[in-house]
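So this block is data25.cif, mmCIF, C-alpha atoms:
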```cif
data_work
#
loop_
_atom_site.label_atom_id
_atom_site.label_comp_id
_atom_site.auth_asym_id
_atom_site.auth_seq_id
_atom_site.Cartn_x
_atom_site.Cartn_y
_atom_site.Cartn_z
CA MET A 1 32.11 -5.71 -18.18
CA SER A 2 30.18 -8.96 -18.42
CA ALA A 3 27.94 -9.84 -21.37
CA PRO A 4 24.33 -8.71 -21.10
CA ARG A 5 22.22 -11.15 -19.12
CA ALA A 6 19.04 -10.02 -20.89
CA THR A 7 17.92 -7.67 -23.66
CA LEU A 8 14.81 -5.54 -23.62
CA ASP A 9 13.43 -3.65 -26.62
CA LEU A 10 11.71 -0.63 -25.11
CA ARG A 11 11.36 1.37 -28.32
CA PRO A 12 7.56 0.92 -28.51
CA PHE A 13 7.04 2.37 -25.03
CA ALA A 14 6.91 5.83 -23.48
CA CYS A 15 7.75 7.15 -20.02
CA PRO A 16 7.11 5.97 -17.35
CA LEU A 17 6.54 2.50 -18.80
CA THR A 18 10.05 2.40 -20.24
CA TYR A 19 11.68 2.61 -16.85
CA VAL A 20 9.05 0.46 -15.14
CA LYS A 21 9.84 -2.40 -17.51
CA ALA A 22 13.57 -1.80 -17.19
CA ARG A 23 13.38 -1.76 -13.41
CA ILE A 24 11.40 -4.97 -13.25
CA ALA A 25 13.98 -6.60 -15.51
CA LEU A 26 16.77 -5.26 -13.29
CA ASP A 27 15.01 -6.62 -10.21
CA ARG A 28 15.35 -10.08 -11.71
CA LEU A 29 19.12 -9.77 -12.14
CA ALA A 30 21.86 -10.24 -9.58
CA PRO A 31 24.10 -7.29 -8.68
CA GLY A 32 26.85 -6.93 -11.28
CA GLU A 33 24.82 -8.46 -14.10
CA VAL A 34 24.14 -6.32 -17.16
CA LEU A 35 20.86 -5.49 -18.85
CA GLU A 36 20.82 -4.37 -22.48
CA LEU A 37 18.12 -1.87 -23.37
CA TRP A 38 17.03 -0.59 -26.75
CA LEU A 39 15.62 2.89 -26.43
CA SER A 40 14.18 5.44 -28.80
CA ALA A 41 16.15 8.65 -29.16
CA GLY A 42 14.92 11.64 -27.23
CA GLU A 43 13.26 11.48 -23.84
CA PRO A 44 13.62 7.69 -23.26
CA ALA A 45 17.33 7.61 -24.10
CA GLU A 46 17.95 10.74 -22.06
CA SER A 47 15.97 10.03 -18.92
CA LEU A 48 16.25 6.28 -18.45
CA PRO A 49 20.03 6.22 -17.86
CA ARG A 50 19.62 9.05 -15.37
CA SER A 51 16.83 7.23 -13.53
CA ALA A 52 18.89 4.04 -13.44
CA GLU A 53 21.87 5.88 -11.94
CA GLU A 54 19.60 7.53 -9.37
CA ASP A 55 18.35 4.09 -8.38
CA GLY A 56 21.86 2.87 -7.68
CA HIS A 57 22.64 1.11 -10.97
CA ARG A 58 25.56 1.88 -13.30
CA VAL A 59 25.27 2.82 -16.94
CA VAL A 60 28.24 1.12 -18.58
CA GLY A 61 27.52 1.82 -22.22
CA VAL A 62 25.47 4.01 -24.53
CA GLU A 63 25.82 3.70 -28.29
CA PRO A 64 23.65 4.02 -31.40
CA LEU A 65 21.70 0.87 -32.02
CA ALA A 66 23.07 -0.96 -35.06
CA GLY A 67 20.52 -0.83 -37.82
CA GLY A 68 18.17 1.11 -35.62
CA GLU A 69 16.85 4.43 -36.75
CA ARG A 70 17.20 7.07 -34.07
CA ALA A 71 17.62 4.53 -31.31
CA PHE A 72 20.25 3.68 -28.72
CA ARG A 73 21.66 0.58 -27.07
CA VAL A 74 22.09 1.25 -23.35
CA LEU A 75 23.90 -1.16 -21.04
CA VAL A 76 22.99 -0.99 -17.36
CA GLU A 77 24.88 -2.92 -14.70
CA LYS A 78 22.71 -3.76 -11.73
CA GLY A 79 23.81 -2.16 -8.50
CA THR A 80 22.28 -2.29 -5.06
CA PRO A 81 18.99 -0.41 -5.38
CA ARG A 82 18.34 2.19 -2.75
CA SER A 83 15.62 1.59 -0.23
CA ALA A 84 12.98 4.13 0.69
CA GLU A 85 14.92 4.94 3.86
CA GLU A 86 17.94 6.02 1.81
CA LEU A 87 16.07 8.64 -0.16
CA PRO A 88 17.33 12.18 0.20
CA MET B 89 2.59 -15.65 -8.89
CA THR B 90 2.69 -14.62 -12.53
CA ALA B 91 4.24 -11.46 -13.88
CA LEU B 92 2.18 -8.31 -14.13
CA ALA B 93 0.29 -7.83 -17.36
CA ASP B 94 1.08 -4.75 -19.45
CA ASP B 95 -2.20 -3.06 -18.61
CA ARG B 96 -1.39 -3.32 -14.90
CA LEU B 97 2.13 -2.07 -15.50
CA ALA B 98 0.72 0.97 -17.24
CA ARG B 99 -1.90 1.60 -14.56
CA PHE B 100 0.47 1.26 -11.61
CA ALA B 101 3.62 2.57 -13.30
CA ARG B 102 4.26 5.44 -10.89
CA GLN B 103 3.77 3.25 -7.84
CA LEU B 104 6.08 0.59 -9.27
CA LEU B 105 8.86 3.17 -9.40
CA VAL B 106 8.71 3.94 -5.70
CA PRO B 107 11.99 2.81 -4.09
CA GLY B 108 11.49 -0.41 -2.19
CA PHE B 109 8.34 -1.21 -4.16
CA GLY B 110 8.31 -3.32 -7.33
CA GLU B 111 6.68 -6.10 -9.26
CA LEU B 112 6.43 -8.54 -6.36
CA ALA B 113 4.88 -5.89 -4.14
CA GLN B 114 2.29 -5.09 -6.78
CA LEU B 115 1.52 -8.77 -7.23
CA ARG B 116 0.97 -9.11 -3.48
CA LEU B 117 -1.50 -6.25 -3.61
CA GLN B 118 -3.23 -7.88 -6.56
CA GLU B 119 -3.63 -11.09 -4.57
CA ALA B 120 -4.83 -9.36 -1.40
CA ARG B 121 -8.33 -9.59 0.03
CA VAL B 122 -8.90 -6.61 2.31
CA ARG B 123 -11.79 -6.42 4.75
CA ALA B 124 -12.75 -2.83 5.45
CA VAL B 125 -14.63 -2.61 8.73
CA GLY B 126 -16.53 0.65 8.47
CA ALA B 127 -16.96 2.41 5.15
CA GLY B 128 -18.20 5.81 6.30
CA GLY B 129 -16.88 9.27 5.67
CA ALA B 130 -13.85 8.74 7.92
CA ALA B 131 -12.74 5.76 5.83
CA SER B 132 -13.50 7.20 2.41
CA ALA B 133 -10.02 8.39 1.50
CA ALA B 134 -8.50 5.10 2.66
CA LEU B 135 -10.85 3.07 0.50
CA VAL B 136 -10.08 5.20 -2.54
CA TYR B 137 -6.36 4.80 -1.83
CA LEU B 138 -6.60 1.01 -1.57
CA VAL B 139 -8.45 0.78 -4.88
CA GLN B 140 -6.01 3.09 -6.63
CA ALA B 141 -3.08 1.12 -5.21
CA GLY B 142 -4.36 -2.05 -6.87
CA VAL B 143 -5.68 -4.20 -4.03
CA GLY B 144 -7.27 -7.24 -5.68
CA ARG B 145 -10.38 -7.52 -3.57
CA LEU B 146 -11.90 -4.98 -1.23
CA TRP B 147 -14.70 -6.22 0.99
CA LEU B 148 -16.86 -3.55 2.63
CA ASP B 149 -18.20 -4.53 6.03
CA ASP B 150 -20.71 -1.87 7.01
CA ALA B 151 -24.38 -2.38 7.77
CA GLU B 152 -25.28 1.27 8.33
CA PRO B 153 -27.03 3.66 5.95
CA VAL B 154 -25.26 6.73 4.57
CA ALA B 155 -25.45 9.47 7.21
CA PRO B 156 -25.51 13.20 6.51
CA ALA B 157 -21.96 13.45 7.91
CA ASP B 158 -20.75 10.86 5.40
CA ALA B 159 -21.70 13.12 2.53
CA THR B 160 -18.76 15.32 3.37
CA GLY B 161 -16.45 12.39 2.58
CA TRP B 162 -15.13 11.36 -0.80
CA LEU B 163 -17.60 8.66 -1.74
CA PHE B 164 -21.07 9.81 -0.80
CA HIS B 165 -23.20 12.31 -2.66
CA PRO B 166 -25.78 14.10 -0.51
CA ASP B 167 -28.51 12.39 -2.54
CA THR B 168 -27.37 9.00 -1.17
CA VAL B 169 -28.16 9.78 2.47
CA GLY B 170 -30.27 6.96 3.86
CA MET B 171 -29.15 4.42 1.27
CA PRO B 172 -27.06 1.36 2.31
CA ARG B 173 -23.55 2.71 2.90
CA ALA B 174 -21.66 -0.38 1.75
CA GLU B 175 -23.57 -0.51 -1.51
CA VAL B 176 -23.14 3.19 -2.26
CA ALA B 177 -19.43 2.94 -1.48
CA ARG B 178 -19.13 -0.21 -3.59
CA MET B 179 -20.59 1.52 -6.62
CA ALA B 180 -18.40 4.59 -6.19
CA LEU B 181 -15.22 2.58 -5.67
CA SER B 182 -15.95 0.13 -8.49
CA SER B 183 -16.04 2.99 -10.94
CA LEU B 184 -12.46 3.97 -10.06
CA SER B 185 -10.66 0.88 -11.30
CA ARG B 186 -11.32 -2.34 -13.13
CA PHE B 187 -8.42 -3.95 -11.29
CA THR B 188 -10.15 -4.12 -7.92
CA ASP B 189 -13.16 -6.28 -7.18
CA VAL B 190 -15.16 -4.25 -4.66
CA ALA B 191 -17.96 -6.10 -2.89
CA ARG B 192 -19.84 -6.24 0.38
CA TYR B 193 -18.10 -8.45 2.90
CA PRO B 194 -19.19 -12.00 2.07
CA THR B 195 -20.29 -14.32 4.84
CA GLY B 196 -17.39 -16.63 5.56
CA GLY B 197 -14.98 -14.49 3.57
CA VAL B 198 -11.33 -15.02 4.48
CA PRO B 199 -9.44 -11.73 4.23
CA THR B 200 -5.66 -11.42 4.06
CA ALA B 201 -5.60 -7.93 5.63
CA ALA B 202 -8.00 -5.56 7.34
CA LEU B 203 -8.62 -1.85 7.60
CA VAL B 204 -10.59 -0.90 10.70
CA ALA B 205 -12.47 2.40 10.64
CA ALA B 206 -15.26 1.36 12.95
CA PRO B 207 -17.66 3.94 14.37
CA SER B 208 -17.00 2.97 17.99
CA VAL B 209 -14.05 1.85 20.10
CA VAL B 210 -15.85 -1.39 20.99
CA GLN B 211 -16.37 -2.26 17.34
CA ALA B 212 -12.79 -1.33 16.52
CA LEU B 213 -11.46 -3.54 19.30
CA SER B 214 -13.64 -6.42 18.17
CA ALA B 215 -12.65 -6.14 14.50
CA ALA B 216 -8.97 -5.78 15.35
CA GLU B 217 -9.12 -8.83 17.61
CA VAL B 218 -10.69 -10.89 14.82
CA ALA B 219 -7.86 -9.83 12.53
CA ARG B 220 -5.23 -10.60 15.17
CA ARG B 221 -6.62 -14.06 15.78
CA ALA B 222 -6.62 -14.69 12.04
CA GLY B 223 -2.96 -13.67 11.97
CA ILE B 224 -3.48 -11.02 9.30
CA PRO B 225 -1.98 -7.52 9.17
CA HIS B 226 -4.38 -4.73 10.03
CA VAL B 227 -4.51 -0.99 10.56
CA VAL B 228 -6.90 0.87 12.83
CA LEU B 229 -7.98 4.50 12.42
CA GLU B 230 -8.63 6.60 15.50
CA PRO B 231 -9.92 10.00 14.41
CA ASP B 232 -10.05 12.72 17.01
CA ALA B 233 -10.58 16.43 17.12
CA GLU B 234 -6.96 17.36 16.43
CA GLY B 235 -6.27 14.79 13.72
CA GLY B 236 -6.07 11.35 15.23
CA SER B 237 -3.95 8.24 15.17
CA VAL B 238 -3.24 5.26 13.00
CA VAL B 239 -2.29 2.01 14.72
CA THR B 240 -0.39 -0.42 12.51
CA VAL B 241 -0.49 -4.06 13.56
CA PRO B 242 1.60 -6.55 11.57
CA PRO B 243 1.15 -10.21 12.47
CA ARG B 244 2.50 -10.98 15.97
CA ALA B 245 3.02 -7.33 16.85
CA PRO B 246 1.42 -5.82 19.97
CA CYS B 247 -2.32 -5.83 19.38
CA TYR B 248 -4.64 -2.88 18.99
CA SER B 249 -5.94 -3.35 22.51
CA CYS B 250 -2.40 -2.79 23.80
CA ALA B 251 -1.67 0.08 21.46
CA ARG B 252 -4.91 2.01 21.28
CA SER B 253 -5.45 5.49 22.53
CA THR B 254 -7.13 5.73 25.90
CA GLY B 255 -8.06 9.35 25.39
CA GLY B 256 -11.43 10.61 24.27
CA ALA B 257 -12.27 10.67 20.60
CA GLU B 258 -14.28 13.19 18.69
CA ARG B 259 -15.03 13.37 15.02
CA PRO B 260 -12.42 15.52 13.30
CA PRO B 261 -12.73 18.06 10.53
CA VAL B 262 -13.04 16.35 7.17
CA ALA B 263 -9.65 17.44 5.86
CA ALA B 264 -7.85 15.89 8.81
CA SER B 265 -9.95 12.78 8.49
CA ALA B 266 -8.89 12.33 4.87
CA ALA B 267 -5.23 12.74 5.76
CA LEU B 268 -5.54 10.19 8.54
CA ALA B 269 -7.40 7.73 6.33
CA ALA B 270 -4.87 8.04 3.52
CA LEU B 271 -2.08 7.44 6.02
CA ALA B 272 -3.86 4.33 7.29
CA ALA B 273 -4.19 3.02 3.76
CA ALA B 274 -0.51 3.72 3.07
CA GLU B 275 0.40 1.71 6.13
CA LEU B 276 -1.81 -1.19 5.07
CA VAL B 277 -0.39 -1.14 1.54
CA GLN B 278 3.10 -1.44 3.02
CA LEU B 279 2.04 -4.30 5.28
CA ILE B 280 0.62 -6.18 2.30
CA ALA B 281 3.24 -5.31 -0.30
CA SER B 282 6.34 -5.63 1.87
CA PRO B 283 5.69 -8.02 4.77
CA GLY B 284 8.09 -7.37 7.62
CA ALA B 285 9.14 -3.96 6.32
CA ILE B 286 7.41 -1.95 9.02
CA PRO B 287 6.95 -2.80 12.69
CA GLY B 288 3.93 -2.38 14.87
CA ARG B 289 3.63 1.34 15.36
CA ARG B 290 1.35 4.17 16.22
CA ILE B 291 1.37 7.34 14.15
CA GLU B 292 -0.30 10.38 15.61
CA ILE B 293 -1.31 13.44 13.65
CA VAL B 294 -1.68 16.51 15.80
CA ARG B 295 -2.65 19.64 13.88
CA GLY B 296 -0.98 18.36 10.75
CA VAL B 297 2.24 17.11 12.35
CA ALA B 298 2.80 13.35 12.32
CA THR B 299 4.92 11.47 14.83
CA ALA B 300 5.50 7.72 14.95
CA GLN B 301 6.43 5.51 17.84
CA PRO B 302 6.67 1.74 18.20
CA THR B 303 3.81 0.03 19.97
CA SER B 304 4.40 -2.02 23.08
CA ARG B 305 2.62 -4.97 24.60
CA LEU B 306 0.66 -4.71 27.83
CA ALA B 307 1.95 -7.21 30.37
CA GLY B 308 -0.03 -10.43 30.19
CA CYS B 309 -1.94 -9.59 27.05
CA ALA B 310 -3.00 -12.61 25.02
CA CYS B 311 -1.38 -11.12 21.94
CA GLY B 312 1.94 -12.26 23.39
CA VAL B 313 0.99 -15.78 22.37
CA ASP B 314 0.55 -16.46 18.70
CA PRO B 315 -2.75 -18.32 18.25
CA ARG B 316 -1.16 -20.63 15.70
CA SER B 317 2.49 -21.10 16.53
CA GLY B 318 3.30 -20.13 20.10
CA PRO B 319 4.89 -17.05 21.68
CA ALA B 320 5.12 -13.97 19.51
CA GLN B 321 8.37 -12.29 18.62
CA SER B 322 9.84 -10.15 21.33
CA ALA B 323 8.29 -6.75 21.64
CA GLY B 324 8.56 -3.93 24.07
CA GLN B 325 6.35 -4.34 27.10
CA LYS B 326 4.72 -1.85 29.30
CA PRO B 327 3.26 -2.57 32.68
#
```

Could I get this file's structure written as structure tokens?
Amino acid sequence: MSAPRATLDLRPFACPLTYVKARIALDRLAPGEVLELWLSAGEPAESLPRSAEEDGHRVVGVEPLAGGERAFRVLVEKGTPRSAEELP
Amino acid sequence: MTALADDRLARFARQLLVPGFGELAQLRLQEARVRAVGAGGAASAALVYLVQAGVGRLWLDDAEPVAPADATGWLFHPDTVGMPRAEVARMALSSLSRFTDVARYPTGGVPTAALVAAPSVVQALSAAEVARRAGIPHVVLEPDAEGGSVVTVPPRAPCYSCARSTGGAERPPVAASAALAALAAAELVQLIASPGAIPGRRIEIVRGVATAQPTSRLAGCACGVDPRSGPAQSAGQKP
């Protein structure tokens, strides 16, 4: 796994803004590059990795954020996002 | 183009998550200047859609007063019958979002896209031809008694004159009109946000069922020659 290309602290935000910001950051990466996300425990840390996978990205790491209280460090490797035509 | 501000991200969050959409698409909408030809009841749902989607400027081109039939649309209260339609619509639409500048069509205004919901075929043809000559994407609504059609015209695609319905048109029930108008707005949003993503096409709604087919160029039509850069891209032709 390559080193994160960018880091985004999304702890201050709630759904859907968490994933909107993550997706915009992912849009700016090349396939295979990794985005590091800091997420609050609970709904953000549970749903964002799932949304990223559904969009064609790969979650390559989830671990407690060092020094962070009830927060997680999530690593997402950019895949090839699905187009509207590929939706189920 | 600059990145979207946080308040816009929050406002358009759900739309930004639509597959194939994204920051650049939203920025294109923000930069767009849409001329709406006809702002009556048949266009109401489309105008609301365009504002809620985040179009930067919406110019209302309609010189008629609010008619009793308009009051069944989404923008016009029965008390507004007789008042200038564009002004009443402007006030109603302006209250929906601070991210869209809604105004009456300014003399000499240069739109980047057009929505045509004109009250007559002649006016629709004229407005669509102006848009074609300007090289801007446009969508034309054709309401009829069973639902109606939406004709989507990206730059250099077969023009509305080639693609329009030759059947009779009657005013539809309001519910069908709103569905048709929303579909027209969705098509225009795609044309603006994702240039080249959809071809020239005609979508018909018949009793709630939508079918789409590509438009084709009438032999010899002037739309086969781009007014600015020569022959248009190849397109199906019909005699």

Review point. Quick one: which residues end up in the PyMOL selection byres ((chain B and resi 242) around 10) for this structure, as a PyMOL selection string?
Key: chain B and resi 201+220+223-227+239-241+243-247+275-276+279-280+283-289

Please produce a file of the residues just selected, as a compact mmCIF listing (two decimals), in the frame of the given file, where the atoms kept are C-alpha atoms.
```
# COMPACT_ATOMS: atom_id res chain seq x y z
CA ALA B 201 -5.60 -7.93 5.63
CA ARG B 220 -5.23 -10.60 15.17
CA GLY B 223 -2.96 -13.67 11.97
CA ILE B 224 -3.48 -11.02 9.30
CA PRO B 225 -1.98 -7.52 9.17
CA HIS B 226 -4.38 -4.73 10.03
CA VAL B 227 -4.51 -0.99 10.56
CA VAL B 239 -2.29 2.01 14.72
CA THR B 240 -0.39 -0.42 12.51
CA VAL B 241 -0.49 -4.06 13.56
CA PRO B 243 1.15 -10.21 12.47
CA ARG B 244 2.50 -10.98 15.97
CA ALA B 245 3.02 -7.33 16.85
CA PRO B 246 1.42 -5.82 19.97
CA CYS B 247 -2.32 -5.83 19.38
CA GLU B 275 0.40 1.71 6.13
CA LEU B 276 -1.81 -1.19 5.07
CA LEU B 279 2.04 -4.30 5.28
CA ILE B 280 0.62 -6.18 2.30
CA PRO B 283 5.69 -8.02 4.77
CA GLY B 284 8.09 -7.37 7.62
CA ALA B 285 9.14 -3.96 6.32
CA ILE B 286 7.41 -1.95 9.02
CA PRO B 287 6.95 -2.80 12.69
CA GLY B 288 3.93 -2.38 14.87
CA ARG B 289 3.63 1.34 15.36
```

Exercise for review: Name the residues in contact with region 121-131 of chain B at a cut-off of 8 Å, using all atoms listed in the file, excluding same-chain residues fewer than 5 positions from it; report them as a count of residues only.
Suggested key: 37

Point to revise | Residue neighbourhood Leu35 (chain A), 8 Å, all atoms listed in the file, exclusion window fewer than 3 positions, as a PyMOL selection string | key: chain A and resi 4-8+25-26+75-78

Practice item. Write out as an NGL selection string every residue belonging to chain B that has an atom at most 12 Å from any atom of chain A, counting only C-alpha atoms. Key: :B and (91-114 or 278 or 282 or 285-286)

Only C-alpha atoms, please: the residues just picked out, written as a PDB file, in the coordinates of the input.
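Writing done, so here's selection19.pdb:
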```
ATOM      1  CA  ALA B  91       4.240 -11.460 -13.880  1.00  0.00           C
ATOM      2  CA  LEU B  92       2.180  -8.310 -14.130  1.00  0.00           C
ATOM      3  CA  ALA B  93       0.290  -7.830 -17.360  1.00  0.00           C
ATOM      4  CA  ASP B  94       1.080  -4.750 -19.450  1.00  0.00           C
ATOM      5  CA  ASP B  95      -2.200  -3.060 -18.610  1.00  0.00           C
ATOM      6  CA  ARG B  96      -1.390  -3.320 -14.900  1.00  0.00           C
ATOM      7  CA  LEU B  97       2.130  -2.070 -15.500  1.00  0.00           C
ATOM      8  CA  ALA B  98       0.720   0.970 -17.240  1.00  0.00           C
ATOM      9  CA  ARG B  99      -1.900   1.600 -14.560  1.00  0.00           C
ATOM     10  CA  PHE B 100       0.470   1.260 -11.610  1.00  0.00           C
ATOM     11  CA  ALA B 101       3.620   2.570 -13.300  1.00  0.00           C
ATOM     12  CA  ARG B 102       4.260   5.440 -10.890  1.00  0.00           C
ATOM     13  CA  GLN B 103       3.770   3.250  -7.840  1.00  0.00           C
ATOM     14  CA  LEU B 104       6.080   0.590  -9.270  1.00  0.00           C
ATOM     15  CA  LEU B 105       8.860   3.170  -9.400  1.00  0.00           C
ATOM     16  CA  VAL B 106       8.710   3.940  -5.700  1.00  0.00           C
ATOM     17  CA  PRO B 107      11.990   2.810  -4.090  1.00  0.00           C
ATOM     18  CA  GLY B 108      11.490  -0.410  -2.190  1.00  0.00           C
ATOM     19  CA  PHE B 109       8.340  -1.210  -4.160  1.00  0.00           C
ATOM     20  CA  GLY B 110       8.310  -3.320  -7.330  1.00  0.00           C
ATOM     21  CA  GLU B 111       6.680  -6.100  -9.260  1.00  0.00           C
ATOM     22  CA  LEU B 112       6.430  -8.540  -6.360  1.00  0.00           C
ATOM     23  CA  ALA B 113       4.880  -5.890  -4.140  1.00  0.00           C
ATOM     24  CA  GLN B 114       2.290  -5.090  -6.780  1.00  0.00           C
ATOM     25  CA  GLN B 278       3.100  -1.440   3.020  1.00  0.00           C
ATOM     26  CA  SER B 282       6.340  -5.630   1.870  1.00  0.00           C
ATOM     27  CA  ALA B 285       9.140  -3.960   6.320  1.00  0.00           C
ATOM     28  CA  ILE B 286       7.410  -1.950   9.020  1.00  0.00           C
TER      29      ILE B 286
END
```

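Straight-line separation from CA of Leu271 (chain B) to CA of Val238 (chain B): 7.4 Å.
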
Practice item. Show which residues sit within 7 Å of region 63-72 of chain A, as a list in words. Count only C-alpha atoms, and ignore same-chain residues fewer than 3 positions away. Key: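 Once the nearby chain positions are removed, what remains is Trp38, Leu39, Ser40, Ala41 and Ala45 of chain A.
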